$ cat input_14.cif   # mmCIF, C-alpha atoms
data_run
loop_
_atom_site.label_atom_id
_atom_site.label_comp_id
_atom_site.auth_asym_id
_atom_site.auth_seq_id
_atom_site.Cartn_x
_atom_site.Cartn_y
_atom_site.Cartn_z
CA MET A 13 4.66 -8.47 -12.27
CA ARG A 14 5.86 -11.28 -10.03
CA PHE A 15 5.69 -11.27 -6.23
CA ASP A 16 7.65 -13.81 -4.19
CA VAL A 17 6.43 -13.88 -0.60
CA PHE A 18 8.54 -15.62 2.04
CA THR A 19 6.53 -16.47 5.14
CA LEU A 20 5.92 -19.05 7.83
CA LEU A 21 2.16 -18.94 7.19
CA PRO A 22 1.45 -19.06 3.45
CA GLU A 23 -2.08 -20.31 4.10
CA THR A 24 -3.02 -16.95 5.63
CA LEU A 25 -2.46 -15.11 2.35
CA ARG A 26 -4.24 -17.40 -0.11
CA PRO A 27 -7.88 -16.42 0.62
CA TYR A 28 -7.28 -12.76 -0.15
CA LEU A 29 -5.14 -13.48 -3.19
CA ASN A 30 -7.88 -15.74 -4.58
CA ALA A 31 -10.58 -13.08 -4.54
CA SER A 32 -11.75 -10.09 -6.55
CA ILE A 33 -9.26 -7.90 -8.43
CA LEU A 34 -6.11 -9.83 -7.50
CA GLU A 35 -7.62 -13.12 -8.65
CA LYS A 36 -8.66 -11.55 -11.96
CA ALA A 37 -5.28 -9.90 -12.45
CA ALA A 38 -3.58 -13.25 -11.92
CA ALA A 39 -5.98 -14.98 -14.32
CA ARG A 40 -5.11 -12.40 -16.99
CA GLY A 41 -1.40 -12.99 -16.45
CA LEU A 42 -0.83 -9.48 -15.14
CA ILE A 43 0.54 -10.64 -11.79
CA GLU A 44 2.04 -13.80 -10.34
CA VAL A 45 2.17 -14.40 -6.61
CA HIS A 46 4.42 -17.22 -5.41
CA LEU A 47 4.26 -18.18 -1.74
CA HIS A 48 7.33 -19.76 -0.16
CA ASN A 49 7.27 -21.38 3.26
CA ILE A 50 10.49 -20.46 5.08
CA ARG A 51 10.07 -23.52 7.30
CA ASP A 52 10.69 -25.74 4.25
CA TYR A 53 14.28 -24.48 4.21
CA ALA A 54 15.09 -25.15 7.85
CA ARG A 55 18.08 -27.50 8.22
CA ASP A 56 17.11 -29.59 11.25
CA ARG A 57 14.54 -32.36 11.48
CA HIS A 58 12.19 -30.17 13.55
CA HIS A 59 12.22 -27.43 10.90
CA THR A 60 13.25 -24.83 13.45
CA THR A 61 13.06 -21.24 12.24
CA ASP A 62 13.52 -19.33 15.51
CA ASP A 63 15.73 -19.32 18.58
CA THR A 64 16.28 -17.38 21.82
CA PRO A 65 18.04 -14.02 21.50
CA TYR A 66 21.65 -13.63 22.52
CA GLY A 67 21.91 -11.37 25.57
CA GLY A 68 18.54 -12.46 26.90
CA GLY A 69 15.17 -10.79 26.62
CA GLY A 70 11.66 -11.84 25.78
CA GLY A 71 10.45 -13.42 22.57
CA MET A 72 12.13 -15.48 19.90
CA VAL A 73 14.22 -14.37 16.93
CA MET A 74 14.01 -15.71 13.37
CA LYS A 75 17.18 -17.59 12.50
CA PRO A 76 19.27 -16.44 9.53
CA GLU A 77 19.91 -19.83 7.88
CA PRO A 78 16.34 -20.69 6.76
CA VAL A 79 15.69 -17.16 5.50
CA PHE A 80 18.95 -16.94 3.54
CA ASP A 81 18.49 -20.44 2.13
CA ALA A 82 14.90 -19.75 1.08
CA LEU A 83 15.66 -16.50 -0.71
CA GLU A 84 18.89 -17.62 -2.33
CA THR A 85 17.33 -20.89 -3.55
CA VAL A 86 14.39 -19.09 -5.15
CA LEU A 87 16.00 -15.81 -6.21
CA GLY A 88 19.67 -16.64 -6.67
CA SER A 89 22.70 -15.24 -4.85
CA PRO A 90 22.66 -12.34 -4.68
CA PRO A 91 18.94 -11.93 -5.41
CA ALA A 92 18.32 -10.26 -8.77
CA CYS A 93 15.29 -8.27 -7.59
CA PRO A 94 14.40 -5.95 -4.69
CA VAL A 95 14.07 -7.86 -1.41
CA ILE A 96 11.75 -6.03 0.97
CA LEU A 97 11.66 -6.73 4.67
CA LEU A 98 8.25 -5.90 6.18
CA THR A 99 9.05 -4.28 9.50
CA PRO A 100 7.88 -1.38 11.71
CA GLN A 101 11.41 0.00 11.34
CA GLY A 102 11.10 0.49 7.58
CA ARG A 103 10.23 3.56 5.55
CA LEU A 104 6.56 4.41 5.78
CA PHE A 105 4.62 3.04 2.82
CA ASN A 106 2.70 5.52 0.68
CA GLN A 107 1.43 5.95 -2.87
CA LYS A 108 4.74 7.35 -4.10
CA ILE A 109 6.59 4.25 -2.89
CA ALA A 110 3.89 2.06 -4.44
CA SER A 111 4.47 3.70 -7.82
CA GLU A 112 8.22 3.30 -7.40
CA LEU A 113 7.98 -0.42 -6.60
CA ALA A 114 5.41 -1.07 -9.33
CA SER A 115 8.07 -0.24 -11.93
CA HIS A 116 9.87 -3.52 -11.12
CA LYS A 117 9.03 -6.74 -12.92
CA ARG A 118 9.66 -8.77 -9.76
CA ILE A 119 9.95 -8.10 -6.03
CA ALA A 120 10.38 -10.32 -2.99
CA LEU A 121 8.56 -9.72 0.30
CA VAL A 122 9.89 -11.17 3.54
CA SER A 123 7.27 -11.60 6.27
CA GLY A 124 8.47 -12.23 9.77
CA ARG A 125 7.02 -13.63 12.99
CA TYR A 126 8.11 -13.74 16.62
CA GLU A 127 10.16 -10.90 18.14
CA GLY A 128 12.03 -10.06 14.97
CA PHE A 129 14.79 -11.07 12.55
CA ASP A 130 18.42 -11.91 13.16
CA GLU A 131 20.16 -8.63 12.30
CA ARG A 132 22.30 -10.32 9.64
CA ILE A 133 19.18 -10.77 7.52
CA ARG A 134 18.61 -7.03 7.65
CA GLN A 135 22.25 -6.16 6.99
CA HIS A 136 23.24 -8.65 4.30
CA LEU A 137 20.15 -9.99 2.52
CA VAL A 138 17.33 -7.48 2.17
CA THR A 139 17.60 -4.38 0.00
CA ASP A 140 14.72 -2.35 1.44
CA GLU A 141 12.56 -2.14 4.55
CA ILE A 142 8.90 -1.08 4.46
CA SER A 143 6.48 -0.26 7.27
CA ILE A 144 2.72 0.14 6.78
CA GLY A 145 2.34 2.31 9.89
CA ASP A 146 3.59 3.20 13.32
CA TYR A 147 2.22 0.13 15.07
CA VAL A 148 3.22 -3.50 15.53
CA LEU A 149 1.46 -6.58 14.13
CA THR A 150 1.97 -10.24 14.95
CA GLY A 151 3.50 -10.89 11.54
CA GLY A 152 4.30 -9.50 8.12
CA GLU A 153 1.59 -11.30 6.16
CA LEU A 154 -0.94 -8.46 6.26
CA PRO A 155 1.68 -5.88 5.20
CA ALA A 156 2.67 -8.20 2.34
CA LEU A 157 -0.93 -8.33 1.14
CA ILE A 158 -1.20 -4.55 1.38
CA LEU A 159 1.85 -4.08 -0.84
CA ILE A 160 0.65 -6.67 -3.36
CA ASP A 161 -2.78 -5.02 -3.52
CA ALA A 162 -1.45 -1.46 -3.81
CA LEU A 163 1.09 -2.34 -6.50
CA SER A 164 -1.21 -4.62 -8.52
CA ARG A 165 -3.86 -1.97 -9.02
CA LEU A 166 -1.22 0.26 -10.65
CA ILE A 167 -0.55 -2.32 -13.37
CA PRO A 168 -2.36 -1.38 -16.60
CA GLY A 169 -5.37 -3.62 -17.09
CA ALA A 170 -5.68 -4.75 -13.48
CA LEU A 171 -8.67 -2.50 -12.82
CA GLY A 172 -11.87 -2.46 -14.83
CA ASP A 173 -11.48 1.28 -15.46
CA PRO A 174 -8.19 1.93 -17.32
CA THR A 175 -7.81 5.27 -15.50
CA GLY A 176 -9.28 4.08 -12.19
CA ALA A 177 -6.04 4.35 -10.22
CA GLU A 178 -5.29 7.84 -11.51
CA ASP A 179 -8.08 9.50 -9.53
CA ASP A 180 -7.57 7.61 -6.26
CA SER A 181 -6.81 9.44 -3.05
CA HIS A 182 -3.07 10.18 -2.85
CA ALA A 183 -2.48 9.31 -6.52
CA LEU A 184 -2.31 13.00 -7.49
CA GLY A 185 -1.34 14.35 -4.09
CA LEU A 186 -4.95 15.07 -3.02
CA LEU A 187 -7.79 13.16 -1.42
CA GLU A 188 -10.38 11.88 -3.86
CA TYR A 189 -13.62 13.73 -4.58
CA PRO A 190 -17.02 12.37 -3.38
CA HIS A 191 -18.80 9.68 -5.39
CA TYR A 192 -22.54 9.19 -5.95
CA THR A 193 -24.67 6.63 -7.78
CA ARG A 194 -28.36 5.85 -8.26
CA PRO A 195 -30.89 6.73 -6.96
CA PRO A 196 -30.61 10.51 -7.48
CA GLU A 197 -32.44 11.06 -4.18
CA PHE A 198 -32.25 8.88 -1.05
CA ARG A 199 -34.03 9.77 2.19
CA GLY A 200 -34.19 13.37 1.06
CA TRP A 201 -30.48 13.57 0.28
CA ARG A 202 -29.93 14.55 -3.35
CA VAL A 203 -27.00 13.97 -5.63
CA PRO A 204 -25.38 17.34 -6.45
CA ASP A 205 -27.07 18.86 -9.50
CA VAL A 206 -23.77 19.34 -11.34
CA LEU A 207 -23.27 15.56 -11.55
CA LEU A 208 -26.65 15.21 -13.26
CA SER A 209 -26.06 18.09 -15.68
CA GLY A 210 -24.09 16.20 -18.32
CA ASP A 211 -21.66 19.16 -18.50
CA HIS A 212 -18.31 17.38 -18.25
CA GLY A 213 -16.34 20.60 -17.92
CA LYS A 214 -18.34 21.69 -14.89
CA ILE A 215 -18.17 18.18 -13.45
CA GLU A 216 -14.36 18.13 -13.68
CA THR A 217 -14.15 21.55 -12.03
CA TRP A 218 -16.51 20.45 -9.25
CA ARG A 219 -14.53 17.27 -8.66
CA ARG A 220 -11.24 19.16 -8.49
CA GLU A 221 -12.66 21.67 -6.04
CA GLN A 222 -14.15 18.91 -3.92
CA SER A 223 -10.76 17.18 -3.79
CA LEU A 224 -9.11 20.41 -2.72
CA GLN A 225 -11.80 21.13 -0.13
CA ARG A 226 -11.65 17.60 1.30
CA THR A 227 -7.86 17.64 1.46
CA LEU A 228 -7.87 21.03 3.16
CA ALA A 229 -10.33 19.77 5.76
CA LYS A 230 -8.88 16.30 6.40
CA ARG A 231 -5.21 16.32 5.36
CA PRO A 232 -3.97 19.91 4.97
CA ASP A 233 -0.39 18.62 5.22
CA MET A 234 -0.76 17.05 1.77
CA LEU A 235 -1.28 20.46 0.15
CA GLU A 236 2.32 21.40 0.88
CA SER A 237 3.61 18.96 -1.73
CA ALA A 238 0.58 18.78 -4.08
CA ASN A 239 0.90 19.99 -7.68
CA LEU A 240 -1.43 23.00 -7.59
CA GLY A 241 -2.36 25.32 -10.43
CA GLU A 242 -3.36 28.96 -10.13
CA ALA A 243 -7.07 28.07 -10.09
CA ASP A 244 -6.41 25.60 -7.26
CA LYS A 245 -4.56 28.22 -5.23
CA LYS A 246 -7.33 30.78 -5.72
CA PHE A 247 -9.96 28.25 -4.64
CA LEU A 248 -7.97 27.31 -1.53
CA ALA A 249 -7.44 30.98 -0.65
CA LYS A 250 -11.19 31.46 -0.93
CA MET A 251 -11.82 28.43 1.26
CA ASN A 252 -9.32 29.60 3.85
CA GLY A 253 -10.99 32.98 3.89
CA THR A 254 -14.38 31.37 4.39
CA GLN A 255 -13.08 29.22 7.25
CA GLY A 256 -11.47 32.24 8.83
CA ARG A 257 -14.75 34.16 8.74
CA LYS A 258 -16.61 31.20 10.24
CA THR A 259 -14.11 30.95 13.08
CA LYS A 260 -14.31 34.67 13.74
CA ASP A 261 -18.12 34.61 13.68
CA SER A 262 -18.16 31.79 16.19
CA GLU A 263 -16.01 33.61 18.74
#
$ encode --input "input_14.cif" --output "structure tokens"
Amino acid sequence: MRFDVFTLLPETLRPYLNASILEKAAARGLIEVHLHNIRDYARDRHHTTDDTPYGGGGGMVMKPEPVFDALETVLGSPPACPVILLTPQGRLFNQKIASELASHKRIALVSGRYEGFDERIRQHLVTDEISIGDYVLTGGELPALILIDALSRLIPGALGDPTGAEDDSHALGLLEYPHYTRPPEFRGWRVPDVLLSGDHGKIETWRREQSLQRTLAKRPDMLESANLGEADKKFLAKMNGTQGRKTKDSE
């Protein structure tokens, strides 16, 4: 999968891209990340990429010419792949959107700075807008890295465990179950006996129930859209009954 990132600060992305899983995925040819400096496509001798907003107001606005020229030079006109604007106004990024975007062979990510983009970029160049949360950052470089990371780990072979991404929180609509490793006892805290039993059937049941219990406690909203079987529903009903008794006992 190829990522084309358009930014004013390409040097801020390189350290993360050159480490750990993303570095290995690139070395295996599973991903390509190409960084494009929008300033290189500015038309004046000062390489100006921003200007004051019409109508007044604080901050500067990214000019349309360098952004259009950068994307159309690299991607063609019109671009032949999804062009994603990273903005607090976009649809809220989640695992479902990550899976959707990971189906593409190539995507472009447009990272802004300053107060925002000239509206003509939004209306006539980009094909999608993504937000990583209801807050504002100083630029789109961190959101770009988040998308690259989230999508790359869904590519077969990118993770050491071929099924590693399948059990992640949100991948199946639930939060992930607890993990333990050696030693079996630490400061008096023991690993649950079922994980040491070698009984894979019981382990899978325990993990599923732990995922359900953790989701019920931390993100009950996720259960509304989760794919639940009859055993799941019975377990949750039991858990709800237990919580109800605890609440009543505490009154």
$ resolve_selection --input "input_14.cif" --expression "the PyMOL selection byres ((chain A and resi 60) around 12)" --output "list in words"
Leu20, Ile50, Arg51, Asp52, Tyr53, Ala54, Arg55, Asp56, Arg57, His58, His59, Thr61, Asp62, Asp63, Thr64, Met72, Val73, Met74, Lys75, Pro76, Glu77, Pro78 and Val79 of chain A
$ resolve_selection --input "input_14.cif" --expression "the PyMOL selection byres ((chain A and resi 33) around 10)" --output "list in words"
Tyr28, Leu29, Asn30, Ala31, Ser32, Leu34, Glu35, Lys36, Ala37, Ala38, Ala39, Asp161, Ser164, Arg165, Ala170, Leu171 and Gly172 of chain A
$ closest_residue --input "input_14.cif" --among "A:Pro204, A:Pro155, A:Phe80, A:Thr193" --to "A:Arg132" --atoms "all atoms listed in the file"
A:Phe80
$ residues_near_point --input "input_14.cif" --point "(-13.8, 13.7, 0.5)" --cutoff "12 Å" --atoms "all atoms listed in the file" --output "count of residues only"
23
$ atom_distance --input "input_14.cif" --atom1 "atom CA of A:Tyr66" --atom2 "atom CA of A:Arg125"
17.5 Å
$ resolve_selection --input "input_14.cif" --expression "the PyMOL selection byres ((chain A and resi 93) around 9)" --output "PyMOL selection string"
chain A and resi 87+90-92+94-95+116-120+139
$ residues_near_point --input "input_14.cif" --point "(8.5, -14.3, -4.5)" --cutoff "8 Å" --atoms "all atoms listed in the file" --output "list in words"
Arg14, Phe15, Asp16, Val17, Phe18, Val45, His46, Leu47, His48, Val86, Leu87, Arg118, Ile119, Ala120 and Leu121 of chain A
$ closest_residue --input "input_14.cif" --among "A:Gly102, A:Pro168, A:Gly128, A:Pro65" --to "A:Ala114" --atoms "only C-alpha atoms"
A:Pro168
$ closest_residue --input "input_14.cif" --among "A:Arg26, A:Lys214, A:Arg202, A:Lys108" --to "A:Ala162" --atoms "only C-alpha atoms"
A:Lys108
$ atom_distance --input "input_14.cif" --atom1 "atom CA of A:Pro232" --atom2 "atom CA of A:Glu141"
27.6 Å
$ atom_distance --input "input_14.cif" --atom1 "atom CA of A:Thr150" --atom2 "atom CA of A:Ser115"
29.3 Å
$ residues_around --input "input_14.cif" --residues "A:Asn106" --least-positions-apart "5" --cutoff "12 Å" --atoms "only C-alpha atoms" --output "ChimeraX atom specification"
/A:111-113,142-145,158-159,162-163,181-183,185
$ write_last_selection --input "input_14.cif" --atoms "C-alpha atoms" --output "PDB file, keeping the file's coordinate frame"
ATOM      1  CA  SER A 111       4.470   3.700  -7.820  1.00  0.00           C
ATOM      2  CA  GLU A 112       8.220   3.300  -7.400  1.00  0.00           C
ATOM      3  CA  LEU A 113       7.980  -0.420  -6.600  1.00  0.00           C
ATOM      4  CA  ILE A 142       8.900  -1.080   4.460  1.00  0.00           C
ATOM      5  CA  SER A 143       6.480  -0.260   7.270  1.00  0.00           C
ATOM      6  CA  ILE A 144       2.720   0.140   6.780  1.00  0.00           C
ATOM      7  CA  GLY A 145       2.340   2.310   9.890  1.00  0.00           C
ATOM      8  CA  ILE A 158      -1.200  -4.550   1.380  1.00  0.00           C
ATOM      9  CA  LEU A 159       1.850  -4.080  -0.840  1.00  0.00           C
ATOM     10  CA  ALA A 162      -1.450  -1.460  -3.810  1.00  0.00           C
ATOM     11  CA  LEU A 163       1.090  -2.340  -6.500  1.00  0.00           C
ATOM     12  CA  SER A 181      -6.810   9.440  -3.050  1.00  0.00           C
ATOM     13  CA  HIS A 182      -3.070  10.180  -2.850  1.00  0.00           C
ATOM     14  CA  ALA A 183      -2.480   9.310  -6.520  1.00  0.00           C
ATOM     15  CA  GLY A 185      -1.340  14.350  -4.090  1.00  0.00           C
TER      16      GLY A 185
END
$ closest_residue --input "input_14.cif" --among "A:Leu207, A:Leu25, A:Ile167, A:Leu235" --to "A:Gly41" --atoms "all atoms listed in the file"
A:Ile167
$ build_atoms --input "input_14.cif" --residues "stretch 221-248 of chain A" --atoms "N, CA and C atoms" --output "CSV table (one decimal), in the coordinates of the input"
chain,number,residue,atom,x,y,z
A,221,GLU,N,-12.4,20.8,-7.2
A,221,GLU,CA,-12.7,21.7,-6.0
A,221,GLU,C,-13.0,20.8,-4.8
A,222,GLN,N,-13.8,19.8,-5.0
A,222,GLN,CA,-14.2,18.9,-3.9
A,222,GLN,C,-12.9,18.2,-3.4
A,223,SER,N,-12.0,17.8,-4.2
A,223,SER,CA,-10.8,17.2,-3.8
A,223,SER,C,-9.9,18.2,-3.0
A,224,LEU,N,-9.9,19.4,-3.5
A,224,LEU,CA,-9.1,20.4,-2.7
A,224,LEU,C,-9.8,20.7,-1.4
A,225,GLN,N,-11.1,20.8,-1.4
A,225,GLN,CA,-11.8,21.1,-0.1
A,225,GLN,C,-11.6,20.0,0.9
A,226,ARG,N,-11.8,18.8,0.4
A,226,ARG,CA,-11.6,17.6,1.3
A,226,ARG,C,-10.2,17.5,1.8
A,227,THR,N,-9.2,17.7,1.0
A,227,THR,CA,-7.9,17.6,1.5
A,227,THR,C,-7.6,18.7,2.5
A,228,LEU,N,-8.1,19.9,2.2
A,228,LEU,CA,-7.9,21.0,3.2
A,228,LEU,C,-8.5,20.7,4.5
A,229,ALA,N,-9.6,20.1,4.5
A,229,ALA,CA,-10.3,19.8,5.8
A,229,ALA,C,-9.7,18.6,6.5
A,230,LYS,N,-9.3,17.5,5.8
A,230,LYS,CA,-8.9,16.3,6.4
A,230,LYS,C,-7.4,16.1,6.5
A,231,ARG,N,-6.7,16.5,5.4
A,231,ARG,CA,-5.2,16.3,5.4
A,231,ARG,C,-4.5,17.6,4.8
A,232,PRO,N,-4.6,18.7,5.5
A,232,PRO,CA,-4.0,19.9,5.0
A,232,PRO,C,-2.5,19.8,4.7
A,233,ASP,N,-1.8,18.8,5.4
A,233,ASP,CA,-0.4,18.6,5.2
A,233,ASP,C,-0.1,18.2,3.8
A,234,MET,N,-1.0,17.5,3.1
A,234,MET,CA,-0.8,17.0,1.8
A,234,MET,C,-0.7,18.2,0.8
A,235,LEU,N,-1.3,19.3,1.1
A,235,LEU,CA,-1.3,20.5,0.2
A,235,LEU,C,0.1,21.1,0.0
A,236,GLU,N,1.0,20.8,1.0
A,236,GLU,CA,2.3,21.4,0.9
A,236,GLU,C,3.1,20.8,-0.3
A,237,SER,N,2.9,19.6,-0.7
A,237,SER,CA,3.6,19.0,-1.7
A,237,SER,C,2.8,18.7,-3.0
A,238,ALA,N,1.5,19.0,-2.9
A,238,ALA,CA,0.6,18.8,-4.1
A,238,ALA,C,0.9,19.7,-5.2
A,239,ASN,N,0.7,19.2,-6.5
A,239,ASN,CA,0.9,20.0,-7.7
A,239,ASN,C,-0.3,20.9,-7.9
A,240,LEU,N,-0.3,22.1,-7.5
A,240,LEU,CA,-1.4,23.0,-7.6
A,240,LEU,C,-1.3,24.1,-8.7
A,241,GLY,N,-2.3,24.3,-9.4
A,241,GLY,CA,-2.4,25.3,-10.4
A,241,GLY,C,-2.9,26.6,-9.8
A,242,GLU,N,-2.9,27.7,-10.6
A,242,GLU,CA,-3.4,29.0,-10.1
A,242,GLU,C,-4.8,28.9,-9.7
A,243,ALA,N,-5.7,28.2,-10.5
A,243,ALA,CA,-7.1,28.1,-10.1
A,243,ALA,C,-7.2,27.4,-8.8
A,244,ASP,N,-6.4,26.3,-8.5
A,244,ASP,CA,-6.4,25.6,-7.3
A,244,ASP,C,-6.1,26.5,-6.1
A,245,LYS,N,-5.0,27.3,-6.3
A,245,LYS,CA,-4.6,28.2,-5.2
A,245,LYS,C,-5.6,29.3,-4.9
A,246,LYS,N,-6.3,29.8,-5.9
A,246,LYS,CA,-7.3,30.8,-5.7
A,246,LYS,C,-8.5,30.2,-5.0
A,247,PHE,N,-8.9,28.9,-5.3
A,247,PHE,CA,-10.0,28.2,-4.6
A,247,PHE,C,-9.6,28.0,-3.2
A,248,LEU,N,-8.4,27.6,-2.9
A,248,LEU,CA,-8.0,27.3,-1.5
A,248,LEU,C,-7.9,28.6,-0.7
